[in-house]
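These notes are about the structure you will find just below.
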Amino acid sequence: MVVFAVGGDFTAPWSHTGVWTEEEYLKLPSDGPKVELVGGSLLVSPAPGKPHQRIVRRLATLMESAGLPDLVTETEINVRIAEDVILIPDIVVTSETDDKVIVHDAAHVRMVVEVRSPSNQGQKWIKKYALYAQAGIPWFMVVEMDDERHLTMILQRLEGGTYVEAARARCGEKLKLPDPFPGIDPADLLRPLL
């Protein structure tokens, strides 16, 4: 067995009493599990499995291929939804192009994408769905993967403070995305990129 000695106390940033503020949250280590701030509490998720990561990477690449000069497609960046609420969507399309920004304001976000797989279901989805809507993010896409790795992509548009389904596609069908993004067949997310 090989043991690596690492200097420093890595438990100190996690020692905390009471509610978390954004300032305290931003002092947490950036490596490790996915940690989101929701109303003074931390929502901690383990790293997703390889199929989830592959889908996120491929979808972001396909969306980025639209080559929009005033929008960027990023994976897992901090988005300020409200005071002391920072979420980390799987994919974010934003007009904020400054690489020095650590927390992106929801006012600049045009679309968020979340990939749901059998291993990451639960109540957090209901809460995140509502928070994205409250923040006024115009588009929310969900990519659902079932136990057999079949994909369904659901595009939702914000209307009257809630999301309504605008389009849906399964493997073999094209999902029509808002202009100028290309249509995407969910099956393309399962194929190797060349």
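Chain labels run A, B, ... following the order of the structure tokens; each chain numbers its residues from 1, and ligands are numbered from 1 in the order shown.
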
Which residues are near stretch 20-32 of chain A? Cut-off 10 Å, only C-alpha atoms, ignore same chain within fewer than 6 positions. Put them as JSON, numbers by chain.
{"A": [10, 12, 13, 14, 38, 39, 40, 41, 42, 44, 45, 46, 47, 78, 80, 83, 84, 85, 86, 102, 103]}

Once you have the residues from the selection above, write them out as a short mmCIF file (atom, residue, chain, number, x, y, z; two decimals), in the first residue's frame, restricted to all heavy atoms.
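Writing done, so here's again.cif:
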```cif
data_model
loop_
_atom_site.label_atom_id
_atom_site.label_comp_id
_atom_site.auth_asym_id
_atom_site.auth_seq_id
_atom_site.Cartn_x
_atom_site.Cartn_y
_atom_site.Cartn_z
N PHE A 10 -7.30 19.43 6.22
CA PHE A 10 -8.38 19.50 5.25
C PHE A 10 -9.75 19.43 5.91
O PHE A 10 -10.76 19.58 5.25
CB PHE A 10 -8.24 18.39 4.21
CG PHE A 10 -7.08 18.63 3.29
CD1 PHE A 10 -5.88 17.99 3.49
CD2 PHE A 10 -7.18 19.53 2.25
CE1 PHE A 10 -4.80 18.24 2.66
CE2 PHE A 10 -6.12 19.78 1.40
CZ PHE A 10 -4.92 19.12 1.60
N ALA A 12 -10.60 21.47 8.49
CA ALA A 12 -10.91 22.79 9.04
C ALA A 12 -11.98 23.54 8.26
O ALA A 12 -12.90 24.09 8.86
CB ALA A 12 -9.64 23.63 9.14
N PRO A 13 -11.95 23.60 6.91
CA PRO A 13 -12.98 24.37 6.21
C PRO A 13 -14.39 23.79 6.40
O PRO A 13 -15.37 24.50 6.23
CB PRO A 13 -12.57 24.27 4.73
CG PRO A 13 -11.16 23.84 4.73
CD PRO A 13 -10.94 23.09 6.00
N TRP A 14 -14.49 22.53 6.75
CA TRP A 14 -15.80 21.88 6.89
C TRP A 14 -16.35 22.02 8.31
O TRP A 14 -17.52 21.73 8.53
CB TRP A 14 -15.71 20.41 6.50
CG TRP A 14 -15.34 20.25 5.05
CD1 TRP A 14 -14.09 20.04 4.54
CD2 TRP A 14 -16.21 20.34 3.94
NE1 TRP A 14 -14.14 19.98 3.18
CE2 TRP A 14 -15.43 20.15 2.77
CE3 TRP A 14 -17.58 20.55 3.79
CZ2 TRP A 14 -15.98 20.17 1.50
CZ3 TRP A 14 -18.12 20.55 2.51
CH2 TRP A 14 -17.32 20.37 1.39
N VAL A 38 -27.77 26.13 -0.44
CA VAL A 38 -29.21 26.36 -0.56
C VAL A 38 -29.72 26.89 0.78
O VAL A 38 -29.86 26.14 1.74
CB VAL A 38 -29.97 25.07 -0.96
CG1 VAL A 38 -31.46 25.35 -1.07
CG2 VAL A 38 -29.43 24.52 -2.27
N GLY A 39 -29.95 28.21 0.84
CA GLY A 39 -30.53 28.82 2.03
C GLY A 39 -29.79 28.56 3.32
O GLY A 39 -30.40 28.27 4.34
N GLY A 40 -28.47 28.63 3.27
CA GLY A 40 -27.68 28.44 4.48
C GLY A 40 -27.29 27.00 4.77
O GLY A 40 -26.58 26.74 5.73
N SER A 41 -27.73 26.07 3.95
CA SER A 41 -27.36 24.66 4.10
C SER A 41 -26.56 24.21 2.89
O SER A 41 -26.71 24.76 1.80
CB SER A 41 -28.60 23.77 4.22
OG SER A 41 -29.33 24.09 5.37
N LEU A 42 -25.72 23.20 3.09
CA LEU A 42 -24.94 22.65 2.00
C LEU A 42 -25.64 21.42 1.45
O LEU A 42 -26.08 20.54 2.20
CB LEU A 42 -23.54 22.28 2.47
CG LEU A 42 -22.66 23.41 2.99
CD1 LEU A 42 -21.29 22.88 3.35
CD2 LEU A 42 -22.55 24.55 1.98
N VAL A 44 -24.64 18.34 -0.65
CA VAL A 44 -23.42 17.65 -1.08
C VAL A 44 -23.79 16.43 -1.91
O VAL A 44 -24.63 15.63 -1.50
CB VAL A 44 -22.57 17.23 0.14
CG1 VAL A 44 -21.28 16.55 -0.31
CG2 VAL A 44 -22.26 18.43 1.02
N SER A 45 -23.16 16.31 -3.08
CA SER A 45 -23.40 15.16 -3.96
C SER A 45 -22.07 14.53 -4.30
O SER A 45 -21.10 15.24 -4.59
CB SER A 45 -24.07 15.61 -5.26
OG SER A 45 -25.24 16.32 -5.00
N PRO A 46 -22.01 13.19 -4.33
CA PRO A 46 -20.77 12.55 -4.77
C PRO A 46 -20.56 12.78 -6.26
O PRO A 46 -21.50 13.16 -6.98
CB PRO A 46 -21.02 11.07 -4.47
CG PRO A 46 -22.49 10.92 -4.49
CD PRO A 46 -23.06 12.23 -4.00
N ALA A 47 -19.36 12.56 -6.72
CA ALA A 47 -19.09 12.70 -8.15
C ALA A 47 -19.98 11.73 -8.92
O ALA A 47 -20.19 10.60 -8.50
CB ALA A 47 -17.61 12.40 -8.44
N ASN A 78 -20.52 27.74 -10.82
CA ASN A 78 -21.36 28.31 -9.76
C ASN A 78 -22.34 29.32 -10.36
O ASN A 78 -21.92 30.23 -11.08
CB ASN A 78 -20.51 29.06 -8.73
CG ASN A 78 -19.55 28.16 -8.00
OD1 ASN A 78 -19.93 27.13 -7.47
ND2 ASN A 78 -18.29 28.55 -7.98
N ARG A 80 -25.36 31.93 -9.03
CA ARG A 80 -26.07 32.54 -7.91
C ARG A 80 -27.54 32.66 -8.29
O ARG A 80 -27.92 33.41 -9.17
CB ARG A 80 -25.51 33.91 -7.56
CG ARG A 80 -26.22 34.55 -6.35
CD ARG A 80 -25.68 35.93 -6.02
NE ARG A 80 -24.30 35.86 -5.55
CZ ARG A 80 -23.23 36.25 -6.27
NH1 ARG A 80 -23.38 36.73 -7.49
NH2 ARG A 80 -22.01 36.15 -5.77
N GLU A 83 -29.81 35.25 -2.89
CA GLU A 83 -28.87 35.46 -1.78
C GLU A 83 -28.69 34.14 -1.02
O GLU A 83 -29.65 33.49 -0.64
CB GLU A 83 -29.41 36.53 -0.83
CG GLU A 83 -28.44 36.86 0.28
CD GLU A 83 -28.96 37.95 1.21
OE1 GLU A 83 -29.93 38.63 0.84
OE2 GLU A 83 -28.39 38.09 2.29
N ASP A 84 -27.44 33.74 -0.85
CA ASP A 84 -27.06 32.50 -0.17
C ASP A 84 -27.66 31.25 -0.82
O ASP A 84 -27.91 30.24 -0.16
CB ASP A 84 -27.41 32.55 1.33
CG ASP A 84 -26.52 33.53 2.09
OD1 ASP A 84 -25.40 33.80 1.61
OD2 ASP A 84 -26.94 34.02 3.14
N VAL A 85 -27.86 31.31 -2.13
CA VAL A 85 -28.27 30.14 -2.91
C VAL A 85 -27.38 30.08 -4.15
O VAL A 85 -27.51 30.91 -5.06
CB VAL A 85 -29.76 30.17 -3.32
CG1 VAL A 85 -30.11 28.94 -4.15
CG2 VAL A 85 -30.66 30.28 -2.10
N ILE A 86 -26.47 29.11 -4.17
CA ILE A 86 -25.58 28.90 -5.31
C ILE A 86 -25.73 27.44 -5.73
O ILE A 86 -25.48 26.53 -4.94
CB ILE A 86 -24.11 29.21 -4.96
CG1 ILE A 86 -23.97 30.69 -4.58
CG2 ILE A 86 -23.21 28.86 -6.14
CD1 ILE A 86 -22.59 31.09 -4.12
N ILE A 102 -16.25 34.05 -10.59
CA ILE A 102 -16.30 32.80 -9.81
C ILE A 102 -17.74 32.34 -9.62
O ILE A 102 -18.03 31.15 -9.68
CB ILE A 102 -15.60 32.99 -8.44
CG1 ILE A 102 -14.12 33.26 -8.67
CG2 ILE A 102 -15.81 31.78 -7.55
CD1 ILE A 102 -13.37 33.68 -7.45
N VAL A 103 -18.64 33.29 -9.40
CA VAL A 103 -20.06 32.97 -9.25
C VAL A 103 -20.83 33.76 -10.29
O VAL A 103 -20.81 34.99 -10.30
CB VAL A 103 -20.57 33.33 -7.83
CG1 VAL A 103 -22.05 32.98 -7.70
CG2 VAL A 103 -19.76 32.60 -6.76
#
```

I'd like to know which residues of stretch 3-178 of chain A are strand (DSSP E or B) (by DSSP, run on the backbone); could you write them as a ChimeraX atom specification?
/A:34-38,41-45,72-75,78-82,85-87,91-94,103-105,109-116,139-145,151-159,162-170,175

Take atom CA of A:Pro33 and atom CA of A:Arg58 and report the distance between them in Å, one decimal.
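Computing the Euclidean distance for atom CA of A:Pro33 and atom CA of A:Arg58 yields 21.5 Å.
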
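Between atom CA of A:Glu144 and atom CA of A:Asp188 there is a distance of 14.1 Å.
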
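Considering only stretch 12-119 of chain A, backbone DSSP assigns helix (DSSP H, G or I) to Ala12, Pro13, Trp14, Glu22, Glu23, Glu24, Tyr25, Lys50, Pro51, His52, Gln53, Arg54, Ile55, Val56, Arg57, Arg58, Leu59, Ala60, Thr61, Leu62, Met63, Glu64, Ala106, Ala107, His108, Pro118 and Ser119 of chain A.
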
Pick from A:His52, A:Arg116, A:His150, A:Arg110, whichever lies nearest to A:Gly136 using only C-alpha atoms
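Under the stated criterion, the closest residue is A:Arg110.
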
Please list as a PyMOL selection string every residue within 8 Å of stretch 62-69 of chain A, counting only C-alpha atoms and excluding residues in the same chain fewer than 2 positions away.
chain A and resi 58-60+71-73+180-182+184

Go ahead and write the residues just picked, C-alpha atoms, as a PDB file, in the first residue's frame.
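Generated output (result_14.pdb):
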```
ATOM      1  CA  ARG A  58     -20.816  15.375 -25.177  1.00  0.00           C
ATOM      2  CA  LEU A  59     -23.916  17.553 -24.828  1.00  0.00           C
ATOM      3  CA  ALA A  60     -21.823  20.592 -23.878  1.00  0.00           C
ATOM      4  CA  LEU A  71     -22.781  33.011 -25.334  1.00  0.00           C
ATOM      5  CA  VAL A  72     -20.573  30.382 -23.722  1.00  0.00           C
ATOM      6  CA  THR A  73     -21.425  26.829 -22.744  1.00  0.00           C
ATOM      7  CA  PRO A 180     -29.417  29.235 -32.789  1.00  0.00           C
ATOM      8  CA  PHE A 181     -28.618  25.869 -31.162  1.00  0.00           C
ATOM      9  CA  PRO A 182     -28.665  22.792 -33.388  1.00  0.00           C
ATOM     10  CA  ILE A 184     -29.835  17.092 -31.018  1.00  0.00           C
TER      11      ILE A 184
END
```
